[in-house]
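Dropping my_file.tsv in here (TSV, C-alpha atoms and all ligand atoms):
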chain	number	residue	atom	x	y	z
A	1	MET	CA	10.03	7.87	-14.15
A	2	THR	CA	10.00	6.42	-10.62
A	3	THR	CA	9.09	3.00	-9.28
A	4	ALA	CA	8.00	2.29	-5.71
A	5	VAL	CA	6.76	-0.81	-3.92
A	6	ALA	CA	4.49	-1.36	-0.93
A	7	HIS	CA	3.01	-4.35	0.84
A	8	PRO	CA	-0.55	-4.97	2.00
A	9	ASN	CA	-1.17	-4.82	5.70
A	10	ILE	CA	-3.58	-6.82	7.79
A	11	ALA	CA	-5.54	-5.07	10.53
A	12	LEU	CA	-5.56	-6.75	13.95
A	13	VAL	CA	-7.88	-4.05	15.31
A	14	LYS	CA	-10.20	-3.31	12.42
A	15	TYR	CA	-11.35	-0.18	10.71
A	16	TRP	CA	-14.94	-0.35	9.47
A	17	GLY	CA	-16.85	2.91	9.20
A	18	LYS	CA	-15.88	6.47	8.36
A	19	GLN	CA	-16.46	9.77	10.12
A	20	THR	CA	-18.96	11.98	8.35
A	21	LYS	CA	-16.56	14.93	7.97
A	22	PRO	CA	-14.22	15.14	4.94
A	23	GLY	CA	-10.72	13.62	4.82
A	24	ASN	CA	-11.57	9.91	4.62
A	25	LEU	CA	-11.21	9.59	8.40
A	26	PRO	CA	-11.89	6.26	10.10
A	27	ALA	CA	-14.49	6.26	12.87
A	28	THR	CA	-12.30	3.95	14.99
A	29	PRO	CA	-8.60	3.72	15.89
A	30	ASN	CA	-7.04	0.75	14.13
A	31	LEU	CA	-3.84	-1.25	14.17
A	32	SER	CA	-2.14	-3.50	11.63
A	33	ILE	CA	0.89	-5.53	10.67
A	34	THR	CA	2.60	-4.95	7.33
A	35	LEU	CA	3.36	-8.13	5.40
A	36	ASP	CA	6.18	-9.15	3.10
A	37	THR	CA	5.72	-11.58	0.12
A	38	LEU	CA	2.58	-9.83	-1.21
A	39	LEU	CA	3.64	-6.77	-3.19
A	40	THR	CA	2.37	-3.91	-5.32
A	41	GLU	CA	4.90	-2.34	-7.67
A	42	THR	CA	3.94	1.02	-9.14
A	43	THR	CA	5.75	3.09	-11.77
A	44	VAL	CA	4.80	6.70	-12.48
A	45	THR	CA	5.90	8.41	-15.69
A	46	ALA	CA	5.11	12.01	-16.62
A	47	ALA	CA	2.70	11.86	-19.59
A	48	GLU	CA	0.36	14.01	-21.70
A	49	ARG	CA	-2.70	12.89	-19.75
A	50	ASP	CA	-3.45	10.68	-16.75
A	51	GLU	CA	-3.61	6.99	-17.50
A	52	PHE	CA	-3.91	4.12	-15.03
A	53	LEU	CA	-2.87	0.58	-15.90
A	54	LEU	CA	-3.65	-2.06	-13.29
A	55	ASN	CA	-2.04	-5.44	-13.90
A	56	GLY	CA	-1.45	-4.42	-17.54
A	57	ARG	CA	-5.04	-3.27	-18.27
A	58	ALA	CA	-6.16	0.34	-18.66
A	59	VAL	CA	-8.81	1.09	-16.04
A	60	GLN	CA	-10.87	4.12	-15.01
A	61	ASP	CA	-10.64	4.32	-11.24
A	62	ALA	CA	-12.62	7.07	-9.53
A	63	LYS	CA	-10.59	6.73	-6.30
A	64	VAL	CA	-7.29	7.21	-8.14
A	65	ALA	CA	-8.72	10.21	-10.03
A	66	ARG	CA	-9.94	11.78	-6.77
A	67	PHE	CA	-6.62	11.13	-5.09
A	68	LEU	CA	-4.66	12.78	-7.92
A	69	GLY	CA	-7.12	15.69	-7.86
A	70	ALA	CA	-6.56	16.25	-4.13
A	71	LEU	CA	-2.77	16.13	-4.50
A	72	ARG	CA	-2.88	18.59	-7.40
A	73	ASN	CA	-4.88	21.04	-5.31
A	74	ARG	CA	-1.80	21.29	-3.11
A	75	TYR	CA	1.17	20.49	-5.40
A	76	PRO	CA	1.88	21.26	-9.06
A	77	LEU	CA	2.10	17.79	-10.58
A	78	PRO	CA	2.36	16.66	-14.21
A	79	ALA	CA	-0.14	14.26	-15.74
A	80	TYR	CA	0.95	10.70	-15.00
A	81	ARG	CA	0.95	7.33	-16.66
A	82	ILE	CA	0.62	4.99	-13.67
A	83	GLN	CA	1.46	1.31	-14.06
A	84	SER	CA	0.63	-0.82	-11.05
A	85	GLU	CA	1.14	-4.57	-10.70
A	86	ASN	CA	0.03	-6.81	-7.84
A	87	ASN	CA	1.62	-10.22	-7.33
A	88	PHE	CA	-1.66	-11.39	-5.67
A	89	PRO	CA	-5.44	-11.30	-6.42
A	90	THR	CA	-6.72	-7.70	-6.70
A	91	GLY	CA	-9.82	-6.45	-4.86
A	92	ALA	CA	-10.48	-9.76	-3.14
A	93	GLY	CA	-9.90	-8.81	0.48
A	94	LEU	CA	-6.11	-8.95	0.35
A	95	ALA	CA	-5.67	-5.21	0.90
A	96	SER	CA	-4.65	-4.34	-2.65
A	97	SER	CA	-5.93	-0.79	-2.21
A	98	ALA	CA	-3.69	-0.37	0.86
A	99	SER	CA	-0.50	-1.39	-0.92
A	100	GLY	CA	-1.70	0.33	-4.11
A	101	PHE	CA	-2.17	3.83	-2.70
A	102	ALA	CA	0.92	3.57	-0.47
A	103	ALA	CA	3.09	2.63	-3.47
A	104	LEU	CA	1.49	5.34	-5.64
A	105	MET	CA	2.02	8.07	-3.03
A	106	CYS	CA	5.59	6.96	-2.47
A	107	ALA	CA	6.36	6.95	-6.22
A	108	ILE	CA	4.82	10.41	-6.78
A	109	ASN	CA	6.57	11.81	-3.70
A	110	ALA	CA	9.97	10.83	-5.11
A	111	ASP	CA	9.21	11.60	-8.75
A	112	ALA	CA	7.91	15.12	-8.06
A	113	GLY	CA	10.40	15.84	-5.25
A	114	LEU	CA	7.66	16.55	-2.69
A	115	ASN	CA	9.97	15.70	0.24
A	116	MET	CA	7.27	14.13	2.37
A	117	ASN	CA	8.31	11.90	5.25
A	118	ALA	CA	6.47	8.60	5.84
A	119	GLU	CA	3.93	10.19	8.21
A	120	ILE	CA	2.95	12.89	5.76
A	121	MET	CA	2.83	10.35	2.93
A	122	SER	CA	0.50	8.26	5.07
A	123	GLU	CA	-1.83	11.22	5.52
A	124	TRP	CA	-2.12	11.61	1.75
A	125	ALA	CA	-2.33	7.86	1.09
A	126	ARG	CA	-5.24	7.80	3.57
A	127	LEU	CA	-7.25	9.96	1.18
A	128	GLY	CA	-7.05	7.17	-1.40
A	129	SER	CA	-7.81	4.38	1.07
A	130	ALA	CA	-7.54	4.73	4.84
A	131	SER	CA	-5.81	1.39	5.26
A	132	ALA	CA	-3.14	2.59	2.77
A	133	ALA	CA	-1.87	5.00	5.44
A	134	ARG	CA	-0.70	1.95	7.42
A	135	SER	CA	1.22	0.41	4.48
A	136	CYS	CA	3.61	3.38	4.51
A	137	PHE	CA	5.31	1.82	7.56
A	138	ASP	CA	6.89	-1.52	8.39
A	139	GLY	CA	6.05	-3.76	11.33
A	140	PHE	CA	3.25	-2.88	13.75
A	141	VAL	CA	1.36	0.25	12.72
A	142	ALA	CA	-1.36	2.40	14.28
A	143	LEU	CA	-3.79	4.81	12.63
A	144	VAL	CA	-5.22	6.95	15.40
A	145	PRO	CA	-6.70	10.36	16.20
A	146	PRO	CA	-6.24	13.27	16.31
A	147	LEU	CA	-4.07	13.55	13.19
A	148	TRP	CA	-5.00	10.21	11.59
A	149	ARG	CA	-1.48	9.82	10.25
A	150	ALA	CA	-0.05	6.32	10.56
A	151	GLN	CA	2.59	5.73	13.21
A	152	ARG	CA	4.94	2.80	13.74
A	153	LEU	CA	4.12	1.19	17.10
A	154	ALA	CA	7.05	-1.23	16.83
A	155	PRO	CA	9.43	-2.28	14.05
A	156	ALA	CA	9.05	-5.70	12.42
A	157	ALA	CA	12.06	-6.99	14.40
A	158	HIS	CA	10.29	-6.29	17.72
A	159	TRP	CA	8.22	-9.49	17.45
A	160	PRO	CA	8.58	-11.74	14.41
A	161	LEU	CA	5.08	-12.97	13.50
A	162	SER	CA	4.06	-14.94	10.44
A	163	VAL	CA	0.82	-14.92	8.49
A	164	VAL	CA	-0.49	-17.84	6.46
A	165	VAL	CA	-3.04	-16.52	3.98
A	166	ALA	CA	-5.63	-19.09	2.89
A	167	VAL	CA	-7.02	-17.95	-0.46
A	168	THR	CA	-10.56	-19.31	-0.85
A	169	SER	CA	-11.60	-17.24	-3.90
A	170	ASN	CA	-9.82	-15.21	-6.55
A	171	GLU	CA	-12.90	-13.14	-7.42
A	172	ALA	CA	-13.11	-9.42	-6.73
A	173	LYS	CA	-15.59	-8.59	-3.96
A	174	SER	CA	-19.11	-7.55	-4.96
A	175	VAL	CA	-19.49	-4.67	-2.46
A	176	SER	CA	-16.51	-2.34	-2.01
A	177	SER	CA	-15.30	-1.47	1.50
A	178	THR	CA	-16.39	2.15	1.09
A	179	GLN	CA	-19.95	1.18	0.10
A	180	GLY	CA	-20.06	-1.51	2.78
A	181	MET	CA	-18.91	0.87	5.51
A	182	GLU	CA	-21.52	3.45	4.60
A	183	ARG	CA	-24.21	0.79	4.60
A	184	SER	CA	-23.12	-0.44	8.04
A	185	ARG	CA	-23.00	3.06	9.53
A	186	GLU	CA	-26.46	3.80	8.23
A	187	THR	CA	-28.20	0.50	8.96
A	188	SER	CA	-26.51	-1.73	11.56
A	189	ALA	CA	-28.15	-1.43	14.97
A	190	PHE	CA	-24.80	-2.38	16.55
A	191	TYR	CA	-22.68	0.22	14.78
A	192	ASN	CA	-22.48	2.70	17.68
A	193	ALA	CA	-21.48	-0.02	20.13
A	194	TRP	CA	-18.71	-1.08	17.73
A	195	VAL	CA	-17.35	2.47	17.58
A	196	ARG	CA	-17.56	2.90	21.38
A	197	ALA	CA	-15.63	-0.31	22.15
A	198	SER	CA	-12.88	0.25	19.59
A	199	GLY	CA	-10.67	2.37	21.87
A	200	ASP	CA	-10.48	-0.45	24.45
A	201	ASP	CA	-9.68	-3.03	21.77
A	202	PHE	CA	-6.95	-0.79	20.41
A	203	ALA	CA	-5.40	-0.29	23.88
A	204	CYS	CA	-5.55	-4.02	24.64
A	205	ALA	CA	-3.89	-4.96	21.33
A	206	SER	CA	-1.14	-2.31	21.71
A	207	ASP	CA	-0.43	-3.61	25.17
A	208	ALA	CA	-0.27	-7.24	23.90
A	209	ILE	CA	2.20	-6.17	21.20
A	210	ASN	CA	4.37	-4.29	23.69
A	211	GLN	CA	4.48	-7.32	25.98
A	212	GLN	CA	4.66	-9.86	23.12
A	213	ASP	CA	1.65	-11.56	24.69
A	214	PHE	CA	0.34	-13.86	21.93
A	215	GLU	CA	-2.67	-15.08	23.88
A	216	GLN	CA	-3.91	-11.57	24.62
A	217	LEU	CA	-3.33	-10.52	21.01
A	218	SER	CA	-5.22	-13.62	19.75
A	219	GLU	CA	-8.23	-12.85	21.88
A	220	VAL	CA	-8.55	-9.19	21.07
A	221	ALA	CA	-7.74	-9.55	17.35
A	222	GLU	CA	-10.26	-12.36	16.77
A	223	LEU	CA	-12.85	-10.43	18.72
A	224	SER	CA	-12.25	-7.23	16.73
A	225	CYS	CA	-12.56	-9.23	13.49
A	226	LEU	CA	-15.77	-10.96	14.59
A	227	LYS	CA	-17.28	-7.70	15.82
A	228	MET	CA	-16.55	-6.10	12.45
A	229	HIS	CA	-18.17	-9.05	10.64
A	230	SER	CA	-21.18	-8.86	12.96
A	231	ILE	CA	-21.61	-5.23	11.92
A	232	MET	CA	-21.39	-6.35	8.29
A	233	LEU	CA	-23.89	-9.17	8.83
A	234	THR	CA	-26.38	-6.89	10.58
A	235	SER	CA	-26.27	-4.25	7.83
A	236	LYS	CA	-29.27	-3.96	5.55
A	237	PRO	CA	-28.98	-5.51	3.01
A	238	THR	CA	-26.62	-7.86	4.82
A	239	LEU	CA	-22.92	-7.94	3.93
A	240	MET	CA	-21.66	-11.50	3.94
A	241	TYR	CA	-18.04	-11.80	2.84
A	242	TRP	CA	-17.46	-15.41	3.93
A	243	ASN	CA	-17.86	-18.68	2.06
A	244	ALA	CA	-17.91	-22.27	3.33
A	245	ALA	CA	-14.12	-22.56	3.19
A	246	THR	CA	-13.74	-19.35	5.20
A	247	LEU	CA	-15.75	-20.90	8.03
A	248	ALA	CA	-13.89	-24.20	7.79
A	249	CYS	CA	-10.56	-22.31	8.13
A	250	MET	CA	-11.82	-20.41	11.18
A	251	GLU	CA	-12.88	-23.65	12.82
A	252	GLU	CA	-9.56	-25.33	12.02
A	253	ILE	CA	-7.56	-22.40	13.42
A	254	ARG	CA	-9.55	-22.50	16.66
A	255	ARG	CA	-8.99	-26.28	16.87
A	256	LEU	CA	-5.23	-25.81	16.35
A	257	ARG	CA	-5.16	-23.15	19.08
A	258	SER	CA	-7.01	-25.29	21.55
A	259	ASP	CA	-4.39	-28.00	20.87
A	260	GLY	CA	-1.64	-25.53	21.80
A	261	THR	CA	-0.59	-24.07	18.42
A	262	PRO	CA	-0.03	-20.30	18.69
A	263	VAL	CA	-2.34	-19.11	15.89
A	264	PHE	CA	-5.40	-16.88	15.46
A	265	PHE	CA	-7.47	-15.77	12.48
A	266	THR	CA	-8.42	-12.47	11.00
A	267	ILE	CA	-10.60	-11.79	7.93
A	268	ASP	CA	-11.27	-8.59	6.01
A	269	ALA	CA	-13.89	-7.59	3.46
A	270	GLY	CA	-13.47	-10.80	1.49
A	271	PRO	CA	-13.43	-14.57	1.99
A	272	GLN	CA	-9.68	-15.03	2.52
A	273	VAL	CA	-8.52	-16.11	5.97
A	274	LYS	CA	-5.30	-14.79	7.44
A	275	ALA	CA	-3.85	-17.06	10.11
A	276	VAL	CA	-1.43	-15.08	12.27
A	277	CYS	CA	1.03	-17.34	14.07
A	278	LEU	CA	4.45	-17.58	15.65
A	279	PRO	CA	7.07	-18.57	13.04
A	280	ASP	CA	7.53	-22.08	14.47
A	281	ALA	CA	3.88	-22.85	13.76
A	282	VAL	CA	3.98	-21.91	10.05
A	283	ASP	CA	4.45	-25.45	8.71
A	284	SER	CA	1.64	-27.03	10.73
A	285	VAL	CA	-0.76	-24.13	10.02
A	286	THR	CA	0.04	-24.21	6.28
A	287	GLN	CA	-0.50	-27.94	6.14
A	288	ALA	CA	-3.77	-27.79	8.06
A	289	LEU	CA	-5.27	-24.92	6.03
A	290	GLY	CA	-3.94	-26.25	2.70
A	291	GLY	CA	-5.89	-29.47	3.25
A	292	ILE	CA	-9.28	-27.79	3.67
A	293	PRO	CA	-11.66	-28.24	0.70
A	294	GLY	CA	-12.13	-24.88	-1.03
A	295	VAL	CA	-8.71	-23.50	-0.07
A	296	LYS	CA	-7.15	-22.76	-3.45
A	297	GLN	CA	-3.75	-21.64	-2.28
A	298	THR	CA	-1.84	-20.75	0.86
A	299	ILE	CA	0.69	-17.91	0.94
A	300	VAL	CA	3.19	-17.53	3.77
A	301	CYS	CA	4.20	-14.00	4.79
A	302	ASN	CA	6.34	-12.55	7.51
A	303	LEU	CA	6.36	-8.95	8.63
A	304	GLY	CA	7.54	-6.65	5.86
A	305	GLY	CA	8.87	-3.18	5.15
A	306	GLY	CA	7.10	0.11	4.53
A	307	ALA	CA	6.51	1.74	1.14
A	308	ARG	CA	9.81	2.50	-0.58
A	309	VAL	CA	11.31	3.63	-3.88
A	310	ILE	CA	13.17	0.95	-5.81
A	311	SER	CA	14.13	2.88	-8.96
A	312	PRO	CA	15.92	5.12	-9.76
B	401	LIG	O1	-9.06	1.21	3.47
B	401	LIG	P1	-10.14	0.35	2.88
B	401	LIG	O2	-11.22	1.14	2.26
B	401	LIG	O3	-9.58	-0.67	1.94
B	401	LIG	O4	-10.85	-0.45	4.09
B	401	LIG	C1	-10.22	-1.47	4.82
B	401	LIG	C2	-11.21	-2.22	5.62
B	401	LIG	C3	-10.77	-3.55	6.18
B	401	LIG	O5	-9.74	-4.13	5.41
B	401	LIG	C4	-11.96	-4.50	6.17
B	401	LIG	C5	-10.30	-3.43	7.64
B	401	LIG	C6	-8.97	-2.78	7.85
B	401	LIG	O6	-8.79	-2.12	8.89
B	401	LIG	O7	-8.06	-2.96	7.01

The structure in this file should be written as C-alpha cells.
Amino acid sequence: MTTAVAHPNIALVKYWGKQTKPGNLPATPNLSITLDTLLTETTVTAAERDEFLLNGRAVQDAKVARFLGALRNRYPLPAYRIQSENNFPTGAGLASSASGFAALMCAINADAGLNMNAEIMSEWARLGSASAARSCFDGFVALVPPLWRAQRLAPAAHWPLSVVVAVTSNEAKSVSSTQGMERSRETSAFYNAWVRASGDDFACASDAINQQDFEQLSEVAELSCLKMHSIMLTSKPTLMYWNAATLACMEEIRRLRSDGTPVFFTIDAGPQVKAVCLPDAVDSVTQALGGIPGVKQTIVCNLGGGARVISP
C-alpha cells in the first residue's frame, strides 16, 4: 500500500487540442505553475480486481482504465484498489485530472518499484491527462516537443507567485476537455492560427519567467487564455465555460491591474478564475474577488511541490 500526493497546476500558456497520432500529445507547447493548497491524495493497494474510489465513491472511469491498461502493457502490475481524494471541487476546471493522474502514477511507481524518475513519470501521467505531466514537477513547468515529457523551467523559489482562485461554481463541467478539444480541432476556423502562434507565446512566457518580468507574463498569459477561449467559443456547437461571475472577475482583475496591482487572470475549461499575482497583492485581490456576486469562495495558493510519496 502506497500513498502519494500531487497538486493541480495552472497553465499560463495553454494546451487546447491534441495531435492526431497516438500518445495523447498536445498540439501546442504549454507552460504552467504548480500550486500548493489544492491537493489530491491517492492510495494504491494491491487487490483482487481494479477498483477506483474518487472522494469515497466507487466510479467507473474510462481514462483510468485506459491508463492502467497502457502501464500493464509495459510493466507487470497487480490489480489495484485506488482511493483518491481531492480537497477541492472535482472536474470543475480546477485541474483535478492533472493532480489525479500525477498522484496515481507516483503512487504506482513507488508501490511496484518501477524506478521511474519524474520525467519518465510525467510521460506516463500524460497518457492519462496531458496536463498531469506538468503536475509531476514543482514550480514553473514546460511540456514541449519532441519528447513531450514535462521539464522544470525554474523551481518554485525562483519567483514566488501567488494565485487567488475565485470559485464561481462547484458543478462538474458539461463537456470534458478531451471532447472539447476534439470539437475545436474539427470545427473552429481559428484552430490552425492558434496552433501556429503557440510557439511564440511559449517563448515569450519563458523569457518573462527567466527575467521575472510580471508585465510581460501578464500580457502573454492573458492573451493565451483568451485565444484558447476564442477557439472554444468558435467551436460548433460553441463551448462556453464562463458564467456572469467569471466575466465580472476578469473585469475586476483588469481594473486592479490598471490601478497598479500586479495581477492577471487565467481561466481553464470551467468557470473558475485564477488570479495570478505577486504575494504582496494577495490580500487586496482576495478582498476584491471575494466581494463579487456569484463568487462562492476564494482559495489562496502559492507555488507548490511536484508529485511525491507520503507513505510509507
Ligand atoms: O489535460 P486535460 O485534458 O485536463 O486538459 C487541460 C486543458 C486546460 O486545462 C484547459 C489547459 C491546460 O493547459 O491546462

Ligand LIG 401 (chain B): which residues are within 7 Å, counting only C-alpha atoms and all ligand atoms, as a list in words?
-> Ile10, Ala11, Val13, Lys14, Tyr15, Trp16, Asn30, Gly93, Ala95, Ser97, Ala98, Ser129, Ala130, Ser131, Ala132, Ser177, Thr178, Asp268 and Ala269 of chain A

Of the listed residues A:Ala156, A:Leu127, A:Ile209, A:Leu94, that which approaches A:Gly305 most closely, counting all atoms listed in the file =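 Among A:Ala156, A:Leu127, A:Ile209, A:Leu94, it is A:Ala156 that comes nearest to A:Gly305.
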
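Nearest-residue note for A:Lys236: choosing from A:Gly291, A:Gly139, A:Gly180, A:Gly23, the minimum distance belongs to A:Gly180, counting all atoms listed in the file.
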
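When only C-alpha atoms are used to measure the gap to A:Met181, the shortest distance among A:Arg72, A:Asp280, A:Gln216, A:Leu239 belongs to A:Leu239.
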
Given all atoms listed in the file as the counted atoms, nearest of A:Val276, A:Leu104, A:Ala125, A:Ala245 to A:Ser84 =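 Of A:Val276, A:Leu104, A:Ala125, A:Ala245, the one nearest A:Ser84, counting all atoms listed in the file, is A:Leu104.
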
Go through A:Ala107, A:Ala70, A:Val295, A:Cys204 and flag the residue nearest A:Leu247, using only C-alpha atoms for the distances.
->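 Looking only at the distances to A:Leu247, the closest residue turns out to be A:Val295.
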
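Residue nearest A:Pro145, chosen from A:Val167, A:Ala281, A:Pro26, A:Phe214 and counting all atoms listed in the file: A:Pro26.
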
Between atom CA of A:Glu182 and atom CA of A:Leu31 - distance in Å to one decimal | 20.6 Å

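Between atom CA of A:Ala193 and atom CA of A:Ile231 the separation is 9.7 Å.
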
As JSON, please report the centre and edge lengths, rounded to one decimal in Å, of the axis-aligned box that holds all listed atoms of stretch 156-167 of chain A with 6 Å of padding on each of the six sides.
{"center_x": 2.5, "center_y": -12.4, "center_z": 8.6, "size_x": 31.1, "size_y": 25.4, "size_z": 30.2}

Can you pull out the residues contacting A:Ala79? Cut-off 8 Å, using all atoms listed in the file, and skip same-chain residues under 6 positions away; I want them as a CSV table (one decimal) with C-alpha atoms, keeping the file's coordinate frame.
chain,number,residue,atom,x,y,z
A,46,ALA,CA,5.1,12.0,-16.6
A,47,ALA,CA,2.7,11.9,-19.6
A,48,GLU,CA,0.4,14.0,-21.7
A,49,ARG,CA,-2.7,12.9,-19.8
A,50,ASP,CA,-3.4,10.7,-16.8
